[in-house]
Structure formats: structure tokens, C-alpha cells
file input37.tsv (TSV, C-alpha atoms)
chain	number	residue	atom	x	y	z
A	1	MET	CA	-25.94	5.29	-2.28
A	2	LEU	CA	-24.64	1.73	-1.88
A	3	ASP	CA	-26.38	0.70	-5.10
A	4	PHE	CA	-24.83	3.68	-6.86
A	5	LEU	CA	-21.33	2.78	-5.71
A	6	GLN	CA	-21.64	-0.82	-6.86
A	7	ASP	CA	-20.30	-1.68	-10.31
A	8	GLU	CA	-22.99	-1.79	-12.95
A	9	GLU	CA	-23.53	-5.30	-14.29
A	10	ARG	CA	-22.07	-5.72	-17.76
A	11	LYS	CA	-24.70	-6.47	-20.37
A	12	VAL	CA	-24.41	-8.51	-23.53
A	13	GLU	CA	-23.95	-6.16	-26.48
A	14	TYR	CA	-25.83	-6.21	-29.76
A	15	ILE	CA	-22.78	-7.21	-31.79
A	16	GLU	CA	-22.36	-10.29	-29.57
A	17	LEU	CA	-25.97	-11.28	-30.27
A	18	ILE	CA	-25.53	-10.86	-34.02
A	19	TYR	CA	-22.35	-12.94	-33.82
A	20	ASP	CA	-24.24	-15.71	-32.03
A	21	LEU	CA	-26.99	-15.64	-34.66
A	22	ILE	CA	-24.40	-16.66	-37.27
A	23	PHE	CA	-23.45	-19.63	-35.10
A	24	VAL	CA	-27.11	-20.60	-34.71
A	25	HIS	CA	-27.49	-20.48	-38.50
A	26	THR	CA	-24.38	-22.63	-38.98
A	27	ILE	CA	-25.52	-25.19	-36.40
A	28	SER	CA	-28.90	-25.34	-38.12
A	29	ARG	CA	-27.03	-26.23	-41.32
A	30	CYS	CA	-25.41	-29.09	-39.40
A	31	GLY	CA	-28.85	-30.24	-38.29
A	32	ALA	CA	-30.04	-30.13	-41.90
A	33	LEU	CA	-27.72	-33.06	-42.59
A	34	LEU	CA	-30.17	-35.18	-40.60
A	35	LYS	CA	-33.20	-34.34	-42.74
A	36	LEU	CA	-34.96	-37.63	-43.41
A	37	GLU	CA	-36.62	-38.28	-46.74
A	38	ASP	CA	-36.98	-42.04	-47.03
A	39	GLY	CA	-35.82	-43.57	-43.78
A	40	VAL	CA	-33.05	-43.43	-41.21
A	41	PRO	CA	-29.63	-41.85	-41.96
A	42	ASP	CA	-26.63	-44.11	-41.67
A	43	THR	CA	-23.89	-43.88	-39.06
A	44	ALA	CA	-21.67	-41.69	-41.28
A	45	VAL	CA	-24.35	-38.98	-41.35
A	46	TYR	CA	-24.59	-38.92	-37.56
A	47	ILE	CA	-20.81	-38.72	-37.23
A	48	THR	CA	-20.66	-35.89	-39.77
A	49	PHE	CA	-23.39	-33.99	-37.89
A	50	LEU	CA	-21.53	-34.35	-34.57
A	51	LEU	CA	-18.12	-33.41	-36.00
A	52	PHE	CA	-19.38	-30.30	-37.76
A	53	SER	CA	-21.38	-29.26	-34.68
A	54	VAL	CA	-18.38	-29.66	-32.37
A	55	ALA	CA	-16.12	-27.78	-34.82
A	56	VAL	CA	-18.49	-24.79	-35.03
A	57	LEU	CA	-19.24	-24.69	-31.31
A	58	GLU	CA	-15.54	-24.91	-30.45
A	59	ILE	CA	-15.03	-21.64	-32.36
A	60	TRP	CA	-17.92	-20.15	-30.40
A	61	TYR	CA	-16.40	-21.48	-27.15
A	62	TYR	CA	-13.03	-19.75	-27.56
A	63	SER	CA	-14.55	-16.58	-29.05
A	64	THR	CA	-17.00	-16.24	-26.17
A	65	LEU	CA	-14.36	-16.75	-23.49
A	66	PHE	CA	-12.02	-14.23	-25.13
A	67	ILE	CA	-14.70	-11.54	-25.51
A	68	ASN	CA	-15.77	-12.06	-21.90
A	69	ARG	CA	-12.25	-11.87	-20.47
A	70	PHE	CA	-11.02	-8.94	-22.57
A	71	PRO	CA	-13.90	-6.47	-23.04
A	72	GLU	CA	-11.70	-3.38	-23.06
A	73	HIS	CA	-10.44	-3.56	-26.69
A	74	LYS	CA	-13.78	-2.93	-28.40
A	75	ILE	CA	-12.58	-1.75	-31.81
A	76	GLN	CA	-10.22	-4.69	-32.21
A	77	ARG	CA	-12.90	-7.06	-30.89
A	78	ASN	CA	-15.55	-5.79	-33.31
A	79	ILE	CA	-13.24	-6.10	-36.32
A	80	CYS	CA	-12.38	-9.67	-35.29
A	81	ILE	CA	-16.07	-10.53	-34.87
A	82	PHE	CA	-16.94	-9.33	-38.37
A	83	ILE	CA	-14.02	-11.24	-39.90
A	84	ASN	CA	-15.11	-14.44	-38.16
A	85	MET	CA	-18.75	-13.88	-39.18
A	86	TYR	CA	-17.73	-13.54	-42.83
A	87	LEU	CA	-15.66	-16.74	-42.73
A	88	LEU	CA	-18.42	-18.65	-40.89
A	89	TYR	CA	-20.74	-18.05	-43.82
A	90	TYR	CA	-18.34	-20.02	-46.03
A	91	ILE	CA	-18.35	-22.89	-43.53
A	92	ALA	CA	-22.15	-22.85	-43.30
A	93	ALA	CA	-22.53	-22.79	-47.09
A	94	GLY	CA	-20.33	-25.89	-47.41
A	95	ILE	CA	-22.19	-27.97	-44.82
A	96	ARG	CA	-24.50	-30.11	-46.96
A	97	ASP	CA	-24.97	-33.71	-48.04
A	98	ASP	CA	-22.14	-33.46	-50.58
A	99	TRP	CA	-19.88	-31.52	-48.21
A	100	LYS	CA	-16.75	-33.23	-49.54
A	101	GLU	CA	-17.22	-31.26	-52.75
A	102	TYR	CA	-16.73	-28.16	-50.60
A	103	TYR	CA	-13.87	-29.59	-48.55
A	104	TYR	CA	-11.40	-26.81	-49.37
A	105	GLN	CA	-13.96	-24.05	-48.83
A	106	ILE	CA	-14.86	-25.36	-45.38
A	107	HIS	CA	-11.33	-26.11	-44.24
A	108	VAL	CA	-9.68	-22.93	-45.50
A	109	ALA	CA	-12.31	-20.84	-43.68
A	110	TRP	CA	-12.00	-23.04	-40.59
A	111	ALA	CA	-8.19	-22.76	-40.49
A	112	LEU	CA	-8.32	-18.98	-41.01
A	113	ILE	CA	-10.77	-18.55	-38.11
A	114	LEU	CA	-8.56	-20.63	-35.78
A	115	LEU	CA	-5.44	-18.69	-36.80
A	116	HIS	CA	-7.35	-15.46	-36.34
A	117	LEU	CA	-8.36	-16.50	-32.82
A	118	ALA	CA	-4.78	-17.56	-32.11
A	119	ILE	CA	-3.54	-14.08	-33.09
A	120	GLN	CA	-6.01	-12.51	-30.66
A	121	TYR	CA	-4.79	-14.76	-27.86
A	122	TRP	CA	-1.17	-13.96	-28.79
A	123	PHE	CA	-1.71	-10.20	-28.51
A	124	ALA	CA	-3.54	-10.69	-25.20
A	125	LEU	CA	-0.57	-12.72	-23.99
A	126	ARG	CA	1.83	-9.95	-25.01
A	127	ARG	CA	-0.27	-7.34	-23.18
A	128	ALA	CA	-0.62	-9.44	-20.01
A	129	SER	CA	1.09	-7.87	-16.99
A	130	HIS	CA	2.04	-11.29	-15.61
A	131	ARG	CA	2.35	-14.78	-16.95
A	132	GLU	CA	-1.02	-16.13	-18.08
A	133	GLU	CA	-0.64	-19.87	-18.58
A	134	TYR	CA	-4.17	-20.34	-19.90
A	135	LEU	CA	-3.50	-17.85	-22.71
A	136	LYS	CA	-0.35	-19.69	-23.74
A	137	ARG	CA	-2.19	-23.03	-23.56
A	138	ASP	CA	-5.07	-21.82	-25.73
A	139	PHE	CA	-2.74	-20.13	-28.22
A	140	TYR	CA	-0.73	-23.29	-28.84
A	141	MET	CA	-3.89	-25.40	-29.03
A	142	LEU	CA	-5.49	-23.12	-31.67
A	143	VAL	CA	-2.29	-23.05	-33.76
A	144	THR	CA	-1.97	-26.85	-33.53
A	145	GLU	CA	-5.55	-27.33	-34.71
A	146	ALA	CA	-5.06	-24.91	-37.59
A	147	VAL	CA	-1.90	-26.70	-38.71
A	148	ILE	CA	-3.67	-30.09	-38.66
A	149	ILE	CA	-6.52	-28.67	-40.75
A	150	ILE	CA	-4.09	-27.15	-43.27
A	151	ILE	CA	-2.19	-30.44	-43.56
A	152	SER	CA	-5.47	-32.33	-44.01
A	153	MET	CA	-6.23	-30.54	-47.29
A	154	PRO	CA	-3.39	-31.94	-49.46
A	155	VAL	CA	-3.83	-35.33	-47.73
A	156	PHE	CA	-7.53	-35.32	-48.70
A	157	ASP	CA	-6.61	-34.29	-52.25
A	158	LYS	CA	-4.14	-37.17	-52.66
A	159	THR	CA	-5.80	-39.95	-50.67
A	160	GLY	CA	-9.38	-38.91	-49.90
A	161	LEU	CA	-8.63	-39.37	-46.19
A	162	VAL	CA	-10.26	-36.82	-43.85
A	163	LEU	CA	-7.77	-35.89	-41.10
A	164	SER	CA	-9.50	-32.78	-39.74
A	165	PRO	CA	-11.32	-34.68	-36.94
A	166	CYS	CA	-7.86	-35.08	-35.35
A	167	ALA	CA	-7.88	-31.32	-34.82
A	168	LEU	CA	-11.14	-31.66	-32.88
A	169	LEU	CA	-9.58	-34.32	-30.66
A	170	VAL	CA	-6.86	-31.81	-29.76
A	171	GLY	CA	-9.51	-29.20	-28.94
A	172	VAL	CA	-11.69	-31.53	-26.86
A	173	PHE	CA	-8.64	-32.78	-24.94
A	174	ALA	CA	-7.60	-29.18	-24.22
A	175	GLY	CA	-11.14	-28.37	-23.08
A	176	VAL	CA	-11.26	-31.32	-20.68
A	177	THR	CA	-7.81	-30.69	-19.21
A	178	ALA	CA	-8.61	-26.99	-18.85
A	179	GLN	CA	-10.98	-27.90	-16.02
A	180	LYS	CA	-7.98	-29.04	-13.97
A	181	SER	CA	-5.74	-26.05	-14.71
A	182	SER	CA	-5.84	-22.48	-13.47
A	183	GLY	CA	-7.22	-19.77	-15.70
A	184	ARG	CA	-8.32	-16.19	-15.53
A	185	GLY	CA	-11.75	-15.76	-14.01
A	186	VAL	CA	-14.62	-14.57	-16.16
A	187	ASP	CA	-17.41	-12.07	-15.71
A	188	PHE	CA	-19.82	-14.87	-14.85
A	189	PRO	CA	-23.07	-12.82	-14.94
A	190	HIS	CA	-22.16	-11.65	-18.46
A	191	LEU	CA	-21.14	-15.17	-19.54
A	192	THR	CA	-24.33	-16.80	-18.25
A	193	GLU	CA	-26.48	-14.17	-19.94
A	194	ARG	CA	-24.59	-14.58	-23.24
A	195	VAL	CA	-24.99	-18.37	-23.14
A	196	MET	CA	-28.66	-18.12	-22.14
A	197	LEU	CA	-29.39	-15.86	-25.13
A	198	TYR	CA	-27.64	-18.33	-27.45
A	199	VAL	CA	-29.83	-21.13	-26.09
A	200	VAL	CA	-32.90	-18.93	-26.64
A	201	PHE	CA	-31.85	-18.43	-30.27
A	202	SER	CA	-31.52	-22.21	-30.57
A	203	PHE	CA	-35.05	-22.61	-29.27
A	204	GLY	CA	-36.08	-20.21	-32.03
A	205	GLU	CA	-35.04	-22.90	-34.52
A	206	MET	CA	-37.23	-25.39	-32.67
A	207	ILE	CA	-40.18	-22.98	-32.77
A	208	VAL	CA	-39.86	-22.74	-36.56
A	209	GLU	CA	-39.83	-26.54	-36.81
A	210	LEU	CA	-42.83	-26.70	-34.49
A	211	ALA	CA	-44.96	-24.78	-37.01
A	212	GLY	CA	-45.07	-27.86	-39.27
A	213	PHE	CA	-47.32	-29.66	-36.77
A	214	PHE	CA	-50.09	-27.12	-37.39
A	215	ASN	CA	-50.31	-27.90	-41.11
A	216	ASP	CA	-52.37	-31.05	-40.58
A	217	GLY	CA	-55.59	-29.10	-40.09
A	218	ILE	CA	-58.14	-29.28	-37.30
A	219	THR	CA	-58.46	-33.03	-36.90
A	220	PRO	CA	-58.31	-35.05	-33.66
A	221	LEU	CA	-54.94	-36.55	-34.57
A	222	GLY	CA	-53.58	-33.24	-35.86
A	223	ILE	CA	-54.61	-31.41	-32.67
A	224	CYS	CA	-53.10	-34.18	-30.55
A	225	HIS	CA	-49.77	-34.06	-32.41
A	226	SER	CA	-49.55	-30.25	-32.35
A	227	ALA	CA	-50.44	-30.06	-28.64
A	228	LEU	CA	-47.85	-32.68	-27.68
A	229	ALA	CA	-45.15	-31.06	-29.82
A	230	PHE	CA	-45.93	-27.64	-28.33
A	231	ALA	CA	-45.81	-29.07	-24.79
A	232	PHE	CA	-42.56	-30.88	-25.63
A	233	ALA	CA	-40.77	-27.73	-26.82
A	234	SER	CA	-42.25	-25.57	-24.04
A	235	GLY	CA	-41.14	-28.05	-21.37
A	236	LEU	CA	-37.57	-28.09	-22.64
A	237	PHE	CA	-37.48	-24.31	-22.58
A	238	LEU	CA	-39.09	-24.09	-19.11
A	239	ASN	CA	-36.50	-26.47	-17.66
A	240	TYR	CA	-33.58	-24.45	-18.98
A	241	GLY	CA	-35.21	-21.17	-17.96
A	242	TYR	CA	-35.83	-22.40	-14.45
A	243	VAL	CA	-32.23	-23.57	-14.04
A	244	TYR	CA	-30.95	-20.22	-15.31
A	245	ASP	CA	-33.30	-18.07	-13.20
A	246	HIS	CA	-33.36	-20.00	-9.93
A	247	ILE	CA	-30.59	-22.60	-9.75
A	248	ILE	CA	-27.42	-21.07	-11.23
A	249	ASP	CA	-25.37	-18.87	-8.91
A	250	ARG	CA	-24.56	-16.04	-11.31
A	251	GLU	CA	-22.37	-14.25	-8.77
A	252	ARG	CA	-19.83	-17.00	-8.25
A	253	GLU	CA	-16.17	-16.77	-9.24
A	254	THR	CA	-15.10	-19.28	-11.87
A	255	SER	CA	-12.94	-19.62	-14.97
A	256	GLY	CA	-16.10	-20.33	-17.01
A	257	ASP	CA	-14.52	-23.22	-18.95
A	258	GLY	CA	-16.72	-25.93	-17.45
A	259	TYR	CA	-19.93	-23.91	-17.81
A	260	LEU	CA	-19.29	-23.34	-21.51
A	261	PHE	CA	-18.06	-26.89	-22.08
A	262	LEU	CA	-21.32	-28.35	-20.73
A	263	HIS	CA	-23.30	-25.98	-22.93
A	264	LEU	CA	-21.53	-27.17	-26.07
A	265	PHE	CA	-23.11	-30.61	-25.71
A	266	LEU	CA	-26.39	-29.24	-24.38
A	267	ILE	CA	-26.73	-27.13	-27.56
A	268	ILE	CA	-25.89	-30.13	-29.77
A	269	SER	CA	-28.59	-32.14	-27.98
A	270	LEU	CA	-31.06	-29.31	-28.47
A	271	SER	CA	-30.16	-29.10	-32.17
A	272	TYR	CA	-30.86	-32.80	-32.65
A	273	LEU	CA	-34.13	-32.60	-30.70
A	274	THR	CA	-35.21	-29.95	-33.20
A	275	GLN	CA	-34.66	-32.51	-35.96
A	276	VAL	CA	-36.50	-35.12	-33.89
A	277	LEU	CA	-39.65	-33.01	-34.15
A	278	GLU	CA	-39.51	-33.31	-37.93
A	279	MET	CA	-38.74	-37.02	-37.65
A	280	LEU	CA	-41.93	-37.53	-35.63
A	281	ARG	CA	-43.98	-36.13	-38.54
A	282	ASN	CA	-42.25	-38.31	-41.14
A	283	PRO	CA	-44.30	-41.47	-41.88
A	284	THR	CA	-41.32	-43.15	-43.62
A	285	VAL	CA	-39.29	-43.34	-40.39
A	286	ARG	CA	-39.81	-46.46	-38.29
A	287	ASP	CA	-41.62	-45.97	-34.98
A	288	SER	CA	-38.80	-47.74	-33.15
A	289	MET	CA	-36.31	-45.20	-34.53
A	290	LYS	CA	-38.52	-42.31	-33.46
A	291	ILE	CA	-38.75	-43.70	-29.91
A	292	LEU	CA	-35.01	-44.30	-29.70
A	293	SER	CA	-34.09	-40.86	-31.06
A	294	VAL	CA	-36.42	-39.01	-28.69
A	295	ALA	CA	-35.23	-40.99	-25.66
A	296	ILE	CA	-31.47	-40.76	-26.32
A	297	TRP	CA	-31.34	-37.06	-27.11
A	298	LEU	CA	-33.85	-36.12	-24.44
A	299	PHE	CA	-31.69	-37.95	-21.89
A	300	ALA	CA	-28.62	-36.16	-23.25
A	301	TYR	CA	-30.26	-32.72	-22.99
A	302	LEU	CA	-31.50	-33.30	-19.44
A	303	LEU	CA	-28.18	-34.88	-18.39
A	304	PHE	CA	-26.11	-31.86	-19.41
A	305	LEU	CA	-28.74	-29.58	-17.92
A	306	SER	CA	-28.54	-31.44	-14.60
A	307	LEU	CA	-24.72	-31.25	-14.64
A	308	LEU	CA	-25.04	-27.46	-14.48
A	309	GLU	CA	-25.99	-28.11	-10.85
A	310	ARG	CA	-22.28	-27.78	-10.04
A	311	TYR	CA	-22.83	-24.02	-10.54
A	312	ALA	CA	-25.90	-23.94	-8.30
A	313	LYS	CA	-26.39	-21.64	-5.35
A	314	GLU	CA	-26.92	-24.74	-3.20
A	315	ARG	CA	-25.63	-28.18	-4.11
A	316	ALA	CA	-28.22	-30.93	-4.49
A	317	CYS	CA	-28.51	-33.74	-1.96
A	318	ARG	CA	-28.48	-37.47	-2.67
A	319	ASN	CA	-32.29	-37.70	-2.49
A	320	TYR	CA	-32.55	-35.28	-5.41
A	321	TYR	CA	-30.45	-37.52	-7.65
A	322	LEU	CA	-32.28	-40.63	-6.48
A	323	ARG	CA	-35.56	-38.96	-7.45
A	324	LEU	CA	-34.20	-38.15	-10.92
A	325	ILE	CA	-33.03	-41.75	-11.37
A	326	GLY	CA	-36.45	-43.02	-10.30
A	327	ILE	CA	-38.28	-40.73	-12.73
A	328	SER	CA	-35.94	-41.74	-15.55
A	329	ALA	CA	-36.41	-45.45	-14.81
A	330	ALA	CA	-40.20	-45.01	-14.86
A	331	TYR	CA	-39.89	-43.18	-18.21
A	332	ILE	CA	-37.85	-46.01	-19.75
A	333	LEU	CA	-40.38	-48.57	-18.53
A	334	LEU	CA	-43.22	-46.51	-20.00
A	335	LEU	CA	-41.37	-46.31	-23.33
A	336	ILE	CA	-41.07	-50.09	-23.43
A	337	ILE	CA	-44.73	-50.60	-22.59
A	338	THR	CA	-45.97	-48.08	-25.20
A	339	ARG	CA	-43.46	-48.94	-27.95
A	340	ASP	CA	-46.28	-49.86	-30.37
A	341	LEU	CA	-48.27	-46.68	-29.60
A	342	PRO	CA	-46.36	-43.68	-31.04
A	343	VAL	CA	-48.74	-40.99	-29.78
A	344	ILE	CA	-48.81	-42.41	-26.23
A	345	ASN	CA	-45.04	-42.79	-26.42
A	346	PHE	CA	-44.61	-39.13	-27.33
A	347	ALA	CA	-46.96	-38.19	-24.48
A	348	ALA	CA	-44.73	-40.18	-22.10
A	349	SER	CA	-41.75	-38.07	-23.18
A	350	VAL	CA	-43.71	-34.90	-22.48
A	351	LEU	CA	-44.68	-36.18	-19.02
A	352	TYR	CA	-41.03	-37.01	-18.34
A	353	ILE	CA	-39.93	-33.46	-19.17
A	354	TYR	CA	-42.48	-31.92	-16.81
A	355	ALA	CA	-41.71	-34.45	-14.07
A	356	ILE	CA	-38.08	-33.28	-14.20
A	357	HIS	CA	-39.31	-29.69	-14.05
A	358	MET	CA	-41.35	-30.41	-10.91
A	359	SER	CA	-38.27	-32.03	-9.34
A	360	LEU	CA	-36.30	-28.84	-9.98
A	361	ARG	CA	-39.01	-26.79	-8.33
A	362	LEU	CA	-39.15	-29.14	-5.34
A	363	PHE	CA	-35.35	-28.99	-5.02
A	364	ARG	CA	-35.39	-25.18	-4.88
A	365	LYS	CA	-38.39	-25.08	-2.53
A	366	ARG	CA	-36.66	-27.31	0.03
A	367	LYS	CA	-33.46	-25.28	-0.20
A	368	LEU	CA	-35.38	-22.08	0.46
A	369	ALA	CA	-37.14	-23.71	3.42
A	370	LYS	CA	-33.77	-24.64	4.96
A	371	LEU	CA	-32.51	-21.08	4.56
A	372	LYS	CA	-35.53	-19.77	6.45
call {"tool": "encode", "arguments": {"input": "input37.tsv", "output": "C-alpha cells"}}
result
Amino acid sequence: MLDFLQDEERKVEYIELIYDLIFVHTISRCGALLKLEDGVPDTAVYITFLLFSVAVLEIWYYSTLFINRFPEHKIQRNICIFINMYLLYYIAAGIRDDWKEYYYQIHVAWALILLHLAIQYWFALRRASHREEYLKRDFYMLVTEAVIIIISMPVFDKTGLVLSPCALLVGVFAGVTAQKSSGRGVDFPHLTERVMLYVVFSFGEMIVELAGFFNDGITPLGICHSALAFAFASGLFLNYGYVYDHIIDRERETSGDGYLFLHLFLIISLSYLTQVLEMLRNPTVRDSMKILSVAIWLFAYLLFLSLLERYAKERACRNYYLRLIGISAAYILLLIITRDLPVINFAASVLYIYAIHMSLRLFRKRKLAKLK
């Protein structure tokens, strides 16, 4: 009877999953900018990849929070989702090496999506029974970004100067300051499930990239490469899955801003690691660049994953962090020692991933022992 009287947990709906698939497709287009044909991309390519990724994921950030906080207006929500999906296709189609040729296509669609989100926040603000400062803050931020993007188009036409990154600075600043301001709480079980499914979709992209390692045939080196790549991708997924299943307190009360904000950069790291797998198979890329790329983005992924500990059922002790620092230091030392041995170096990265996984298991085991 008690179970019957309890509210049924809200599940992620199919239309939300389809919406997220469009974002995964668009982010994969951002990752395609990093495809390497004859060497290492220059700094401008990396910056372009990061800016496009942040721009797309910022749209996902505000859409996800809005859908989570206002689930009651389903017809309006579904219409808005389909409009945004249609416009996102135009953004995705324009993300390519010669993206400046599609500047207007990308920026018109981007501005329309932001204005569309702003209208949704405006109507929510009008319907609110009491003053909702976070709605007003987000509304003004979305409008400001849209205005900057609109202004950037004639400026680009006249001068060739790209001003749209200024809009992203406004968004990132608003996201950081939102952690210090009050906001309406979210349905955290629904939010965590929605984000988890998005991450799973992102791993789907990595699985597709992983298939390339099995094209080398049944040779000792081919088997070694495919086994390490499979263990690499599996370890990343196991770490996230373990944090989601056993570490995150899905029943806590929170505004959800910080949880989503951390996932923005975790997803970007995962997107780049997908491209790293292709880089490892490319003989034209220097071994030193392969080592550096794996290490930097693997650190980034595990860093943002570890920061999710702030939403844990039990906070970690100092010994846990000291253990992580020790494992990371040993990994860096191993990278330096094996810098001239690419296969051994890749194996060291795999060992590092599973060492972090064992630390997570040990952390949870000790917490459970204390509870008993």
C-alpha cells in the first residue's frame, strides 16, 4: 500500500530521446572537424571544434532544464522540440571544414533556436505564481546571446570578423554564476536518467569508431590494437555506469544546473576521445601527438566524472583523492617511460582507466562497510 501511494517515478519519454539523438548527430559533426588526413590539425581547428560543441550543448542544457522543470505543457513542449530539431539540422549541415561558407545558415538557425527558447522561458515566467528569478535570468541571457549572434552576421559580412563566440561567453558566465543563485529544483531522477541516456548515445558514436580496429585482419598487431581499443572504450563506459548506478544520489534535491554543467564538458571530452580512437589508427599522426591527445582528454573525462562526486550519496574522504592523485602520477610516469612504444603506451592508458574504476569500487565498498 505504501508503494502504491508513493508518486511514480517520471520516466524519460521517447520524444526526449529522439531530441537528444539530433544533438548527438550534431556533436558528431563537430568531432568530424578533427578528422586527420595528413597530420595534426592546427589550433584554429581545435578552437572551432570547442566553440561549436559548446554552442550546441548549451542549447541542449537549457532545453533539458526547461523540459524537466515544466513537464505539464506537453503539446507546447512537443511542438517546440520539433521546431528545434528542424533548426538543428541546419546547424549540423553547416558544421564542416569550410563552415564560414555556411556562416549565415548556421547563425540564423542558432539565433532562431535561442529566441525560441527565450519565448518558452517568457511564457513560463508569465505563468509562474510567484517571482522566479532564475526564469528571468535565463530569459535575458538567451535574448542577449541571440542579439549578439544576429549582430555578428552583418559584421562578418563587412569585416570577416567572427563575433558569435562572445555570445558563448555570456552563456558560460551565466552558467557559472547560476551555481551561486537560487533556482527552481528539478526532478533529479528524471534529469539523471535523461543525461545518462545522452551519454549512452555518445558512446554509440565511439562504438561505431571502434569497428575500424577490426579491419586489420587476424594478425598479432591487429588483435592487439582491437583488444586495447575495445578495453579502452569499455572502461570509459564502465566508469560512467558505475558512478551513475552506485555513486550518484538520485533522490537529492538540487537545481540541476551544476550536474548538467559538468556533463557539458564531460560529453565534449568523450566526443574528442572518440576522435582519438581514429587518430591512433592513423600512421601519418606523430606518436607524440597521439600520446598527448589520449592523456589530455582522458584526464579531462575522468576529472569531470570525478567532480560528479559532489552529487554522491556519501562524500569522498581525503584518502580517496590522494589515491586518485597517486594513480594519475604513476600513469604520467608510465607515459614518459613508454613514449617511444605506442602500443605499450596505449596499454598504460587502458590500465589507468581500470585503476580508476577499482578506486571507485573501493570507495563505495568502504562507505557501505561504515554504514553497516
call {"tool": "closest_residue", "arguments": {"input": "input37.tsv", "among": "A:Tyr244, A:Phe304, A:Phe346, A:Phe230", "to": "Arg194 of chain A", "atoms": "all atoms listed in the file"}}
result
A:Tyr244
call {"tool": "closest_residue", "arguments": {"input": "input37.tsv", "among": "A:Leu168, A:Leu163, A:Ile27, A:Ala118", "to": "Glu205 of chain A", "atoms": "all atoms listed in the file"}}
result
A:Ile27
call {"tool": "closest_residue", "arguments": {"input": "input37.tsv", "among": "A:Thr26, A:Thr219, A:Ser234, A:Thr284", "to": "His357 of chain A", "atoms": "all atoms listed in the file"}}
result
A:Ser234
call {"tool": "residues_around", "arguments": {"input": "input37.tsv", "residues": "Asp20 of chain A", "least_positions_apart": "6", "cutoff": "12 Å", "atoms": "all atoms listed in the file", "output": "PyMOL selection string"}}
result
chain A and resi 12-14+26-27+56-57+59-61+63-64+81-82+84-85+88+194-202
call {"tool": "atom_distance", "arguments": {"input": "input37.tsv", "atom1": "atom CA of Tyr301 of chain A", "atom2": "atom CA of Leu273 of chain A"}}
result
8.6 Å
call {"tool": "closest_residue", "arguments": {"input": "input37.tsv", "among": "A:Lys158, A:Lys313, A:Arg281, A:His116", "to": "Gly212 of chain A", "atoms": "only C-alpha atoms"}}
result
A:Arg281
call {"tool": "atom_distance", "arguments": {"input": "input37.tsv", "atom1": "atom CA of Phe214 of chain A", "atom2": "atom CA of Tyr242 of chain A"}}
result
27.4 Å
call {"tool": "axis_aligned_box", "arguments": {"input": "input37.tsv", "around": "segment 345-361 of chain A", "padding_each_side": "3 Å", "output": "JSON"}}
result
{"center_x": -41.6, "center_y": -34.8, "center_z": -17.8, "size_x": 16.7, "size_y": 22.0, "size_z": 25.0}
call {"tool": "residues_around", "arguments": {"input": "input37.tsv", "residues": "Glu278 of chain A", "least_positions_apart": "3", "cutoff": "10 Å", "atoms": "all atoms listed in the file", "output": "CSV table (one decimal) with C-alpha atoms, in the frame of the given file"}}
result
chain,number,residue,atom,x,y,z
A,34,LEU,CA,-30.2,-35.2,-40.6
A,35,LYS,CA,-33.2,-34.3,-42.7
A,36,LEU,CA,-35.0,-37.6,-43.4
A,206,MET,CA,-37.2,-25.4,-32.7
A,209,GLU,CA,-39.8,-26.5,-36.8
A,210,LEU,CA,-42.8,-26.7,-34.5
A,212,GLY,CA,-45.1,-27.9,-39.3
A,213,PHE,CA,-47.3,-29.7,-36.8
A,273,LEU,CA,-34.1,-32.6,-30.7
A,274,THR,CA,-35.2,-30.0,-33.2
A,275,GLN,CA,-34.7,-32.5,-36.0
A,281,ARG,CA,-44.0,-36.1,-38.5
A,282,ASN,CA,-42.2,-38.3,-41.1
call {"tool": "closest_residue", "arguments": {"input": "input37.tsv", "among": "A:Tyr272, A:Tyr134, A:Phe188, A:Phe66", "to": "Ser28 of chain A", "atoms": "all atoms listed in the file"}}
result
A:Tyr272
call {"tool": "residues_near_point", "arguments": {"input": "input37.tsv", "point": "(-22.5, -12.6, -40.1)", "cutoff": "12 Å", "atoms": "only C-alpha atoms", "output": "list in words"}}
result
Ile15, Glu16, Leu17, Ile18, Tyr19, Asp20, Leu21, Ile22, Phe23, Val24, His25, Thr26, Asn78, Ile79, Cys80, Ile81, Phe82, Ile83, Asn84, Met85, Tyr86, Leu87, Leu88, Tyr89, Tyr90, Ile91 and Ala92 of chain A
call {"tool": "atom_distance", "arguments": {"input": "input37.tsv", "atom1": "atom CA of Glu101 of chain A", "atom2": "atom CA of Thr144 of chain A"}}
result
24.9 Å
call {"tool": "residues_around", "arguments": {"input": "input37.tsv", "residues": "Tyr320 of chain A", "least_positions_apart": "4", "cutoff": "12 Å", "atoms": "only C-alpha atoms", "output": "list in words"}}
result
Ser306, Glu309, Arg315, Ala316, Leu324, Ile325, Gly326, Ile327, Ile356, Met358, Ser359, Leu360, Arg361, Leu362, Phe363, Arg364, Arg366 and Lys367 of chain A
call {"tool": "residues_around", "arguments": {"input": "input37.tsv", "residues": "Tyr311 of chain A", "least_positions_apart": "6", "cutoff": "10 Å", "atoms": "all atoms listed in the file", "output": "PDB file with C-alpha atoms, keeping the file's coordinate frame"}}
result
ATOM      1  CA  ILE A 247     -30.590 -22.600  -9.750  1.00  0.00           C
ATOM      2  CA  ILE A 248     -27.420 -21.070 -11.230  1.00  0.00           C
ATOM      3  CA  ASP A 249     -25.370 -18.870  -8.910  1.00  0.00           C
ATOM      4  CA  ARG A 250     -24.560 -16.040 -11.310  1.00  0.00           C
ATOM      5  CA  GLU A 251     -22.370 -14.250  -8.770  1.00  0.00           C
ATOM      6  CA  ARG A 252     -19.830 -17.000  -8.250  1.00  0.00           C
ATOM      7  CA  GLU A 253     -16.170 -16.770  -9.240  1.00  0.00           C
ATOM      8  CA  THR A 254     -15.100 -19.280 -11.870  1.00  0.00           C
ATOM      9  CA  GLY A 258     -16.720 -25.930 -17.450  1.00  0.00           C
ATOM     10  CA  TYR A 259     -19.930 -23.910 -17.810  1.00  0.00           C
TER      11      TYR A 259
END
call {"tool": "closest_residue", "arguments": {"input": "input37.tsv", "among": "A:Ile353, A:Ile268, A:Ile95, A:Met279", "to": "Leu302 of chain A", "atoms": "all atoms listed in the file"}}
result
A:Ile353
call {"tool": "residues_around", "arguments": {"input": "input37.tsv", "residues": "Ile47 of chain A", "least_positions_apart": "4", "cutoff": "12 Å", "atoms": "only C-alpha atoms", "output": "ChimeraX atom specification"}}
result
/A:30-31,33-34,41-43,51-54,165
call {"tool": "decode", "arguments": {"input": "input37.tsv", "residues": "segment 24-28 of chain A", "atoms": "N, CA, C and O atoms", "output": "CSV table (one decimal), in the first residue's frame"}}
result
chain,number,residue,atom,x,y,z
A,24,VAL,N,23.3,14.4,-30.5
A,24,VAL,CA,24.4,13.5,-30.7
A,24,VAL,C,24.9,13.6,-32.1
A,24,VAL,O,26.2,13.7,-32.4
A,25,HIS,N,24.0,13.7,-33.1
A,25,HIS,CA,24.4,13.8,-34.5
A,25,HIS,C,25.2,15.1,-34.7
A,25,HIS,O,26.2,15.1,-35.4
A,26,THR,N,24.7,16.2,-34.2
A,26,THR,CA,25.3,17.5,-34.4
A,26,THR,C,26.7,17.5,-33.7
A,26,THR,O,27.7,18.1,-34.3
A,27,ILE,N,26.8,17.0,-32.5
A,27,ILE,CA,28.1,16.9,-31.9
A,27,ILE,C,29.1,16.0,-32.7
A,27,ILE,O,30.3,16.3,-32.7
A,28,SER,N,28.6,15.0,-33.3
A,28,SER,CA,29.5,14.1,-34.1
A,28,SER,C,30.0,14.9,-35.3
A,28,SER,O,31.1,14.7,-35.8
